[in-house]
Each structure stands twice: as structure tokens, then as C-alpha cells.
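K.L.:
query11.cif (mmCIF, C-alpha atoms) pasted underneath:
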```
data_start
#
loop_
_atom_site.label_atom_id
_atom_site.label_comp_id
_atom_site.auth_asym_id
_atom_site.auth_seq_id
_atom_site.Cartn_x
_atom_site.Cartn_y
_atom_site.Cartn_z
CA MET A 8 -15.08 20.43 1.77
CA THR A 9 -14.60 19.54 5.40
CA ARG A 10 -13.14 16.31 6.61
CA SER A 11 -16.43 15.24 8.20
CA THR A 12 -18.22 15.60 4.87
CA ASP A 13 -15.53 13.54 3.20
CA THR A 14 -15.92 10.87 5.84
CA SER A 15 -19.69 10.87 5.50
CA LEU A 16 -19.50 10.58 1.73
CA SER A 17 -17.04 7.74 2.08
CA SER A 18 -19.42 6.10 4.55
CA MET A 19 -22.30 6.49 2.11
CA LEU A 20 -20.30 4.90 -0.73
CA ASN A 21 -19.28 2.17 1.66
CA ASP A 22 -22.96 1.52 2.44
CA LEU A 23 -23.80 1.44 -1.26
CA PHE A 24 -21.00 -1.04 -1.89
CA LEU A 25 -22.14 -3.29 0.94
CA LEU A 26 -25.76 -3.09 -0.13
CA ALA A 27 -24.82 -4.17 -3.66
CA MET A 28 -22.71 -7.01 -2.29
CA ILE A 29 -25.47 -8.18 0.04
CA LEU A 30 -28.01 -8.14 -2.81
CA VAL A 31 -25.72 -10.21 -5.06
CA ILE A 32 -24.98 -12.81 -2.38
CA ALA A 33 -28.64 -12.99 -1.36
CA GLY A 34 -29.50 -13.67 -5.01
CA ILE A 35 -26.92 -16.46 -5.19
CA LEU A 36 -28.20 -18.08 -2.00
CA THR A 37 -31.77 -17.79 -3.27
CA VAL A 38 -30.82 -19.58 -6.50
CA ALA A 39 -29.15 -22.31 -4.43
CA MET A 40 -32.30 -22.71 -2.33
CA ILE A 41 -34.48 -22.88 -5.43
CA LEU A 42 -32.22 -25.55 -6.91
CA GLN A 43 -32.44 -27.47 -3.64
CA TYR A 44 -36.19 -27.33 -3.02
CA ARG A 45 -37.51 -27.09 -6.59
CA GLY A 46 -34.88 -29.11 -8.39
CA GLY A 47 -34.51 -31.69 -5.62
CA GLU A 48 -30.72 -31.33 -5.46
CA ILE A 49 -29.68 -32.20 -1.92
CA PRO A 50 -26.55 -30.24 -0.99
CA CYS A 51 -23.40 -32.09 0.00
CA PRO A 52 -21.42 -31.06 3.11
CA LEU A 53 -19.04 -28.97 1.04
CA CYS A 54 -22.01 -27.14 -0.49
CA LEU A 55 -23.27 -26.39 3.02
CA LEU A 56 -19.84 -25.15 4.03
CA ARG A 57 -19.90 -22.82 1.05
CA ARG A 58 -23.23 -21.50 2.27
CA VAL A 59 -21.77 -20.95 5.72
CA ALA A 60 -18.93 -18.96 4.16
CA MET A 61 -21.36 -16.92 2.10
CA PHE A 62 -23.44 -16.17 5.17
CA GLY A 63 -20.26 -15.05 6.92
CA VAL A 64 -19.51 -12.60 4.12
CA PHE A 65 -23.14 -11.66 3.73
CA ARG A 66 -23.74 -10.72 7.36
CA HIS A 67 -21.11 -8.10 7.18
CA HIS A 68 -20.92 -4.62 8.60
CA ARG A 69 -24.39 -3.21 9.28
CA ALA A 70 -25.80 -6.40 10.72
CA PHE A 71 -23.53 -5.74 13.68
CA PRO A 72 -23.82 -2.03 14.41
CA ALA A 73 -22.02 -2.33 17.73
CA TRP A 74 -18.95 -3.73 16.06
CA SER A 75 -16.06 -1.93 14.61
CA VAL A 76 -16.15 -1.65 10.84
CA ARG A 77 -12.57 -2.80 10.61
CA HIS A 78 -13.41 -6.03 12.42
CA ASN A 79 -16.29 -6.66 10.07
CA THR A 80 -14.17 -6.10 7.00
CA GLY A 81 -11.49 -8.45 8.28
CA LEU A 82 -14.00 -11.16 9.18
CA SER A 83 -15.69 -10.88 5.80
CA MET A 84 -12.36 -11.27 4.03
CA LEU A 85 -11.61 -14.33 6.17
CA PHE A 86 -14.92 -15.92 5.22
CA ALA A 87 -14.32 -15.05 1.56
CA LEU A 88 -10.96 -16.80 1.75
CA PHE A 89 -12.62 -19.83 3.33
CA LEU A 90 -15.20 -19.80 0.54
CA LEU A 91 -12.41 -19.78 -2.03
CA ILE A 92 -10.64 -22.75 -0.41
CA VAL A 93 -13.79 -24.88 -0.16
CA ALA A 94 -14.95 -24.00 -3.66
CA ALA A 95 -11.55 -24.74 -5.18
CA ARG A 96 -11.46 -28.14 -3.50
CA GLN A 97 -14.96 -28.92 -4.70
CA THR A 98 -14.07 -27.78 -8.21
CA LEU A 99 -11.25 -30.33 -8.18
CA LEU A 100 -13.84 -32.97 -7.37
CA ASP A 101 -15.92 -31.65 -10.23
CA VAL A 102 -12.99 -31.79 -12.65
CA TYR A 103 -11.85 -35.29 -11.60
CA PRO A 104 -14.84 -37.00 -9.94
CA ARG A 105 -14.63 -40.02 -7.71
CA PRO A 106 -15.10 -43.21 -9.73
CA GLY A 107 -18.69 -44.26 -9.47
CA HIS A 108 -19.71 -41.00 -7.83
CA ASP A 109 -20.04 -38.62 -10.68
CA TYR A 110 -20.87 -35.12 -9.75
CA VAL A 111 -24.57 -34.58 -9.59
CA GLY A 112 -25.84 -31.10 -10.11
CA SER A 113 -27.25 -28.89 -12.77
CA ALA A 114 -25.18 -26.25 -14.45
CA VAL A 115 -26.13 -22.61 -14.19
CA PHE A 116 -25.13 -20.69 -17.33
CA GLY A 117 -22.84 -23.54 -18.27
CA LEU A 118 -20.94 -23.69 -14.98
CA HIS A 119 -21.55 -25.77 -11.88
CA MET A 120 -22.07 -24.10 -8.55
CA PRO A 121 -18.57 -24.82 -7.17
CA VAL A 122 -17.02 -23.11 -10.17
CA TRP A 123 -19.37 -20.20 -9.69
CA SER A 124 -18.32 -20.11 -6.05
CA VAL A 125 -14.66 -19.80 -7.02
CA ILE A 126 -15.53 -16.87 -9.25
CA ILE A 127 -17.68 -15.31 -6.53
CA ALA A 128 -14.99 -15.68 -3.88
CA VAL A 129 -12.35 -14.11 -6.11
CA ALA A 130 -14.76 -11.31 -7.01
CA ILE A 131 -15.52 -10.64 -3.33
CA LEU A 132 -11.83 -10.48 -2.44
CA ILE A 133 -11.10 -8.16 -5.39
CA ALA A 134 -14.10 -5.99 -4.45
CA PHE A 135 -12.85 -5.65 -0.87
CA ALA A 136 -9.37 -4.80 -2.11
CA VAL A 137 -10.71 -2.17 -4.51
CA LYS A 138 -12.97 -0.74 -1.83
CA LEU A 139 -10.11 -0.40 0.63
CA ALA A 140 -7.91 1.10 -2.08
CA VAL A 141 -10.48 3.64 -3.26
CA LEU A 142 -12.44 4.52 -0.13
CA GLY A 143 -9.62 3.96 2.31
CA GLU A 144 -9.78 2.44 5.72
CA PRO A 145 -13.28 2.69 7.17
CA GLN A 146 -13.76 4.80 10.28
CA ASP A 147 -14.83 3.25 13.54
CA ASP A 148 -17.39 5.93 14.31
CA ASP A 149 -19.27 5.09 11.11
CA ALA A 150 -20.40 1.84 12.69
CA LYS A 151 -22.02 3.61 15.61
CA SER A 152 -24.24 5.76 13.43
CA SER A 153 -27.19 4.45 11.51
CA PRO A 154 -26.59 3.68 7.84
CA THR A 155 -26.58 6.73 5.58
CA LEU A 156 -28.72 4.87 3.05
CA LEU A 157 -31.54 4.80 5.56
CA ARG A 158 -31.43 8.61 5.84
CA PRO A 159 -32.31 10.05 2.42
CA ARG A 160 -32.19 13.62 3.68
CA ARG A 161 -28.65 13.18 4.94
CA MET A 162 -27.74 11.55 1.63
CA ALA A 163 -29.15 14.53 -0.30
CA GLU A 164 -27.20 16.91 1.95
CA LEU A 165 -24.00 15.04 1.29
CA LEU A 166 -24.55 15.12 -2.46
CA CYS A 167 -25.31 18.88 -2.32
CA ASP A 168 -22.17 19.43 -0.27
CA ARG A 169 -20.21 17.57 -2.87
CA ALA A 170 -21.66 19.68 -5.69
CA LEU A 171 -20.94 22.91 -3.78
CA HIS A 172 -17.43 21.73 -3.12
CA ASP A 173 -16.88 21.14 -6.84
CA GLN A 174 -18.27 24.58 -7.68
CA PHE A 175 -16.12 26.24 -5.03
CA ARG A 176 -13.07 24.44 -6.30
CA PHE A 177 -13.82 25.64 -9.83
CA SER A 178 -14.26 29.27 -8.71
CA ASN A 179 -11.10 28.97 -6.63
CA ARG A 180 -9.22 27.85 -9.68
CA ALA A 181 -10.65 30.77 -11.67
CA MET A 182 -9.58 33.20 -8.93
CA ARG A 183 -6.11 31.74 -8.93
CA PHE A 184 -6.03 32.22 -12.69
CA TRP A 185 -7.13 35.83 -12.27
CA ARG A 186 -4.50 36.51 -9.66
CA MET A 187 -1.66 35.74 -12.03
CA PRO A 188 0.17 39.11 -12.30
CA TYR A 189 1.17 38.70 -15.90
CA LEU A 190 -2.43 38.09 -16.92
CA ARG A 191 -3.64 41.13 -14.98
CA ILE A 192 -1.06 43.36 -16.63
CA GLN A 193 -2.07 42.08 -20.04
CA ILE A 194 -5.75 42.74 -19.35
CA ALA A 195 -5.02 46.24 -18.05
CA VAL A 196 -2.89 47.12 -21.08
CA THR A 197 -5.54 45.78 -23.43
CA ALA A 198 -8.30 47.74 -21.70
CA ARG A 199 -6.25 50.94 -21.90
CA ALA A 200 -5.55 50.42 -25.60
CA VAL A 201 -9.22 49.78 -26.30
CA ASN A 202 -10.18 52.97 -24.47
CA SER A 203 -7.62 55.00 -26.38
CA ILE A 204 -8.81 53.65 -29.73
CA ARG A 205 -12.42 54.34 -28.84
CA HIS A 206 -11.61 57.90 -27.86
CA ARG A 207 -9.72 58.52 -31.11
CA VAL A 208 -12.50 57.02 -33.20
CA SER A 209 -15.14 59.19 -31.54
CA PHE A 210 -12.94 62.26 -32.05
CA CYS A 211 -12.49 61.45 -35.75
CA ILE A 212 -16.22 60.97 -36.28
CA SER A 213 -17.19 64.25 -34.62
CA PRO A 214 -14.09 66.43 -34.27
CA GLY A 215 -16.04 69.56 -33.35
CA ALA A 216 -18.09 67.91 -30.69
CA GLU A 217 -17.70 69.33 -27.28
CA SER A 218 -16.27 66.98 -24.80
CA PRO A 219 -18.53 66.43 -21.83
CA ARG A 220 -15.62 67.10 -19.56
CA PRO A 221 -13.87 70.38 -20.06
CA ASP A 222 -10.50 69.17 -18.86
CA ARG A 223 -10.46 66.55 -21.67
CA ALA A 224 -11.19 69.24 -24.29
CA GLY A 225 -7.83 70.86 -23.78
CA ALA A 226 -9.08 73.86 -21.83
CA ALA A 227 -7.32 74.99 -18.74
CA CYS A 228 -8.85 73.54 -15.67
CA PRO A 229 -10.51 76.09 -13.44
CA SER A 230 -9.34 76.34 -9.93
CA ARG A 231 -11.35 74.11 -7.61
CA SER A 232 -13.72 75.73 -5.20
CA PRO A 233 -16.83 74.41 -3.46
CA GLY A 234 -19.76 74.25 -5.87
CA ASN A 235 -17.90 74.55 -9.17
CA CYS A 236 -17.25 70.93 -9.87
CA PRO A 237 -18.25 70.35 -13.54
CA ARG A 238 -19.65 66.94 -12.79
CA THR A 239 -21.93 67.97 -9.96
CA ILE A 240 -22.89 71.55 -10.75
CA ARG A 241 -26.53 71.93 -11.80
CA HIS A 242 -27.03 74.47 -14.52
CA GLY A 243 -30.33 76.28 -14.86
CA CYS A 244 -31.40 75.71 -11.27
CA ARG A 245 -32.25 78.45 -8.93
CA PRO A 246 -29.88 78.77 -6.07
CA ARG A 247 -31.19 77.30 -2.93
CA ARG A 248 -32.31 79.51 -0.18
CA ARG A 249 -32.97 78.71 3.36
CA ALA A 250 -36.43 77.32 4.00
CA CYS A 251 -37.52 77.59 0.37
CA GLY A 252 -39.08 74.11 0.54
CA SER A 253 -41.26 75.04 3.48
CA ARG A 254 -43.11 77.74 1.52
CA TYR A 255 -45.20 75.10 -0.22
CA GLY A 256 -45.68 72.96 2.77
CA ARG A 257 -44.20 69.78 4.03
CA GLY A 258 -44.00 66.96 1.55
CA THR A 259 -43.97 69.10 -1.61
CA SER A 260 -41.12 69.80 -3.92
CA ASP A 261 -39.49 73.18 -4.06
CA HIS A 262 -39.77 73.55 -7.85
CA GLY A 263 -42.96 75.55 -7.70
CA MET B 29 -21.65 -30.70 13.19
CA MET B 30 -23.23 -28.55 10.54
CA VAL B 31 -26.06 -27.74 12.94
CA ILE B 32 -23.54 -26.60 15.54
CA ILE B 33 -21.82 -24.36 13.00
CA PHE B 34 -25.06 -22.69 11.93
CA ALA B 35 -26.20 -22.37 15.56
CA THR B 36 -22.91 -20.69 16.50
CA MET B 37 -23.28 -18.23 13.67
CA LEU B 38 -26.85 -17.46 14.66
CA LEU B 39 -25.79 -17.00 18.26
CA ALA B 40 -23.06 -14.61 17.13
CA LEU B 41 -25.66 -12.51 15.34
CA VAL B 42 -28.05 -12.48 18.29
CA ILE B 43 -25.38 -11.71 20.89
CA ALA B 44 -23.75 -8.98 18.81
CA ARG B 45 -26.98 -6.99 18.87
CA SER B 46 -27.08 -6.72 22.64
CA SER B 47 -23.87 -7.83 24.33
CA PRO B 48 -20.31 -6.54 24.07
CA SER B 49 -18.84 -6.85 20.64
CA TRP B 50 -15.98 -9.16 21.52
CA ILE B 51 -18.36 -12.03 22.34
CA GLY B 52 -19.95 -11.81 18.91
CA ILE B 53 -16.56 -11.68 17.21
CA LEU B 54 -15.39 -14.65 19.26
CA LEU B 55 -18.46 -16.68 18.36
CA LEU B 56 -18.08 -15.87 14.68
CA LEU B 57 -14.44 -16.91 14.81
CA VAL B 58 -15.48 -20.14 16.58
CA SER B 59 -17.96 -20.73 13.78
CA LEU B 60 -15.22 -20.19 11.20
CA ALA B 61 -12.87 -22.55 13.04
CA LEU B 62 -15.54 -25.25 13.27
CA SER B 63 -16.27 -24.86 9.57
CA PHE B 64 -12.60 -25.23 8.72
CA GLY B 65 -12.34 -28.31 10.95
CA LEU B 66 -15.32 -29.90 9.24
CA PHE B 67 -13.83 -29.07 5.87
CA LEU B 68 -10.56 -30.78 6.82
CA PHE B 69 -12.49 -33.78 8.09
CA GLU B 70 -14.47 -33.98 4.87
CA ILE B 71 -11.49 -33.88 2.57
CA TYR B 72 -9.31 -36.28 4.60
CA SER B 73 -11.82 -38.88 5.79
CA PRO B 74 -10.95 -42.11 3.93
CA GLU B 75 -14.38 -43.68 4.21
CA TYR B 76 -16.90 -40.92 4.26
CA GLY B 77 -15.32 -37.72 3.07
CA PHE B 78 -14.28 -36.12 -0.15
CA ARG B 79 -10.75 -37.42 -0.20
CA MET B 80 -9.38 -38.04 -3.65
CA PRO B 81 -7.35 -41.24 -3.39
CA TRP B 82 -7.93 -41.94 -7.07
CA LEU B 83 -5.44 -39.24 -7.83
CA GLN B 84 -2.40 -41.50 -7.36
CA VAL B 85 0.13 -38.79 -7.07
CA GLN B 86 2.47 -40.54 -4.64
CA ILE B 87 2.85 -43.65 -6.80
CA ASP B 88 3.87 -41.47 -9.72
CA VAL B 89 6.36 -39.53 -7.65
CA ALA B 90 7.93 -42.52 -5.86
CA PRO B 91 9.78 -44.07 -8.90
CA PHE B 92 11.06 -40.63 -9.85
CA ILE B 93 12.51 -40.14 -6.36
CA SER B 94 14.03 -43.63 -6.35
CA GLN B 95 15.68 -42.86 -9.69
CA LEU B 96 17.16 -39.73 -8.23
CA GLN B 97 18.52 -41.58 -5.21
CA SER B 98 20.04 -44.48 -7.17
CA PRO B 99 23.73 -43.99 -8.15
CA ALA B 100 23.15 -45.23 -11.69
#
```
Is it possible to express this structure as C-alpha cells?

P.N.:
Amino acid sequence: MTRSTDTSLSSMLNDLFLLAMILVIAGILTVAMILQYRGGEIPCPLCLLRRVAMFGVFRHHRAFPAWSVRHNTGLSMLFALFLLIVAARQTLLDVYPRPGHDYVGSAVFGLHMPVWSVIIAVAILIAFAVKLAVLGEPQDDDAKSSPTLLRPRRMAELLCDRALHDQFRFSNRAMRFWRMPYLRIQIAVTARAVNSIRHRVSFCISPGAESPRPDRAGAACPSRSPGNCPRTIRHGCRPRRRACGSRYGRGTSDHG
Amino acid sequence: MMVIIFATMLLALVIARSSPSWIGILLLLVSLALSFGLFLFEIYSPEYGFRMPWLQVQIDVAPFISQLQSPA
């Protein structure tokens, strides 16, 4: 597989990763909006700061096609760190509330939103770390092209390339296996032994049978001359004469 | 202040689509800096913010330090 295909596949996986992350964060922000407008829970300033941080992570990468991908990754990690700091501080307020100002807010799956934000921030940082470890450093020229996810044909080509690469690698490995000299010698010796056994068995079954090749039957080989080769000589045919085919006209056989 | 932060972030998005990239990056960094400043204001403001003076950590630590400094 070429390096460009590798890069494109990495870019496609990068797009998939970012799409999944954007969907998750959009879902979280939607839940927060529903809690605000349906549940009547007015957000505090720290909640709004958490939303700012989530927007900073959320508007990563493809929202800014003119930017370098490395810049976007760094900025997203900065915003994720900011989200972690704000959420941790707000979780402290949740754990030990101000006297007379108990924390107001409904729990989602048993946890308040600041605690969820701590988990989300840690998950985002871990996801970025895993992405950089697995996919490597993103290329700058990926940012200038349109996202691979928006080009299904290109995506299919990349997947086919990957499959062909795997097949080629498998056949390459098989060829390397075949090229081992010891294995080749073994196969040649085995084939020779099988041939010898087959010949002996056929001789034992029909010992009087004439061998199709006279040299194998033990007879002295005749001296070679043009036209007496036992494999190519045609018995029972009339010898050819000049222009014998033309007696019956063009396009007919000369067998009468 | 919150309005300024959100407006800066929106401006960063709009400018990054058309102008050179460094302006968008700069505006996003400004937005991050403003957010951090607001966060510090919120957690250290004695009247309005989310300071936690009810965690009397210093009073607990002070006798311990004075015990360490005393010769007895």
C-alpha cells in the first residue's frame, strides 16, 4: 500500500473519530438545553463556562478547513483541559455546597451535570491521546481537502485499497514461504518419489504393456533425424506432397 | 462578560472561514483567555462568586504550623 493511501485512510478514521465526538458533545449540549428550557433550570456562570469549553472542543477540525489540523487538535485539548478545571471546581461545590445555597439541579442517571462534565472532559482527553497514539500526528494537507466522509466514492476506494493490500500481503507471505529452499527441495524429492512409485505400480499391474515411449521400454534409442521423433511422427498418414491440398480447392482439407 | 466570550468565539468561527487562519486562532485563544479570567473571577469573588470560604482550611492549618514553630 502506498503512503498516500495510508494517509488517506488515517484521514478517514480521523474524520470518523471527530464525527463521533461531535455527535456525543452535541447530544450533551442538547440535553443541557432541554433541562434549561423544559425543566426551567437556569444555568449558573460556571455551567455557561462549561458550555463554552464544550463548544471549543466541539468546533474542532473540519469547522475550520483553512486551519492546520495540528492547531485544531491542540486548541481542542486546551478547551478540554479548561472544561476539566471548571467541572472539577463545580463538583467541589456540589460535594460541599455553600450554606444556604444548596446545589439546585436534577441528576441525570444519578449524577449531576458537573460530575458528568468531569467524566466527559477526562474521556475527551483520553480519546485525543488514543487517537494521536493510534493514528499518529495528523497531516496538514488533510485540512485543505474536503472531509473523506463527505465523499463516499473515495471512502469505498480507500476500503478496496485496504482489502487489496491485505490480499497482496498474504500472497507475498505465501511466495516467501514458497521461496524457502529447504521447502522446495522437499517438495521436489516428494514429487519424484511419487512419480517413481506410480511408475512401478503401473508396471506391476500390466508388466507386458508397451510403454508409450520407446526409450522408457528399455529399447535402444534410434538415432535422431528430422521426422523420426516418436512423439511427433504421425503413423498411417500419407506423406505430404507439394500442392496436394490445392487439388480439392481452397478451403478444403487434404484428406480426400 | 459571557456575551463577550460567546461573541468572540462566534467571530473566530466566522473569520476563520474567510480570513487568514492566524486571526481565527488568535480570536479563539482570546475567547479561552476571557473564559479563564471569568472563571477565576467567579471562584475568587468574595461577594458574588463561587468562592468556598466555608471550607476553613487556613484556620485548621494555622495551629498546626504554630505548634511546629514553638520550641516546646

K.L.:
Nearest to Phe67 in chain B: which of A:Ala27, A:Val59, A:Val64, A:Ala195 is it, counting all atoms listed in the file?

P.N.:
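Result for the nearest residue to Phe67 in chain B: A:Val59.
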
K.L.:
Kindly indicate which residue among A:Val201, A:Met28, A:Val137, A:Leu55 lies nearest to Met40 in chain A, using only C-alpha atoms for the distances.

P.N.:
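Closest candidate: A:Leu55.
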
K.L.:
For the provided coordinates, the residues matched by the PyMOL selection byres ((chain B and resi 29-37) around 6) should be stated as a PyMOL selection string.

P.N.:
chain B and resi 38-40+56+59

K.L.:
Which distance in Å separates CA of Val42 in chain B and CA of Leu56 in chain A, to one decimal?

P.N.:
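That distance, rounded to one decimal, is 20.8 Å.
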
K.L.:
Check the smallest atom-to-atom distance from each of A:Tyr44, A:Leu16, A:Val38, A:Ala87 to chain B using all atoms listed in the file, then report the winner.

P.N.:
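Going through A:Tyr44, A:Leu16, A:Val38, A:Ala87 one by one, the smallest distance to chain B is for A:Ala87.
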
K.L.:
For chain B, which residue among A:Leu82, A:Ile204, A:Val31, A:Leu132 is the nearest when counting all atoms listed in the file?

P.N.:
A:Leu82

K.L.:
Taking all atoms listed in the file into account, name the residue in A:Pro52, A:Asn202, A:Tyr103, A:His78 that is nearest to Ile71 in chain B.

P.N.:
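Comparing A:Pro52, A:Asn202, A:Tyr103, A:His78 against Ile71 in chain B, the winner is A:Pro52.
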
K.L.:
Separation of CA of Asp22 in chain A and CA of Ala130 in chain A, in Å?

P.N.:
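These two atoms are separated by 17.9 Å.
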
K.L.:
Can you tell me how far CA of Leu53 in chain A sits from CA of Ile92 in chain A, in Å to one decimal?

P.N.:
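Atom-to-atom, CA of Leu53 in chain A to CA of Ile92 in chain A, that is 10.6 Å.
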
K.L.:
What does the PyMOL selection byres ((chain B and resi 53) around 9) select in this file, as an mmCIF file with C-alpha atoms, keeping the file's coordinate frame?

P.N.:
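Everything below was put into result01.cif:
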```cif
data_model
loop_
_atom_site.group_PDB
_atom_site.id
_atom_site.type_symbol
_atom_site.label_atom_id
_atom_site.label_comp_id
_atom_site.auth_asym_id
_atom_site.auth_seq_id
_atom_site.Cartn_x
_atom_site.Cartn_y
_atom_site.Cartn_z
ATOM 1 C CA TRP A 74 -18.950 -3.730 16.060
ATOM 2 C CA HIS A 78 -13.410 -6.030 12.420
ATOM 3 C CA ASN A 79 -16.290 -6.660 10.070
ATOM 4 C CA LEU A 82 -14.000 -11.160 9.180
ATOM 5 C CA ALA B 40 -23.060 -14.610 17.130
ATOM 6 C CA ALA B 44 -23.750 -8.980 18.810
ATOM 7 C CA SER B 49 -18.840 -6.850 20.640
ATOM 8 C CA TRP B 50 -15.980 -9.160 21.520
ATOM 9 C CA ILE B 51 -18.360 -12.030 22.340
ATOM 10 C CA GLY B 52 -19.950 -11.810 18.910
ATOM 11 C CA LEU B 54 -15.390 -14.650 19.260
ATOM 12 C CA LEU B 55 -18.460 -16.680 18.360
ATOM 13 C CA LEU B 56 -18.080 -15.870 14.680
ATOM 14 C CA LEU B 57 -14.440 -16.910 14.810
ATOM 15 C CA VAL B 58 -15.480 -20.140 16.580
#
```

K.L.:
For Ser113 in chain A, which residue out of A:Ala60, A:Ala140, A:Ile49, A:Ala95 is the nearest one, using all atoms listed in the file?

P.N.:
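Nearest candidate to Ser113 in chain A out of A:Ala60, A:Ala140, A:Ile49, A:Ala95: A:Ile49.
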
K.L.:
Could you list, as a list in words, every residue within 12 Å of Ser83 in chain A, counting all atoms listed in the file and ignoring same-chain residues fewer than 6 positions away?

P.N.:
Leu25, Met28, Ile29, Val59, Ala60, Met61, Phe62, Gly63, Val64, Phe65, Arg66, His67, His68, Val76, Arg77, Phe89, Leu90, Ala128, Ile131, Leu132, Ala134, Phe135 and Ala136 of chain A; Ile53, Leu56, Leu57 and Leu60 of chain B
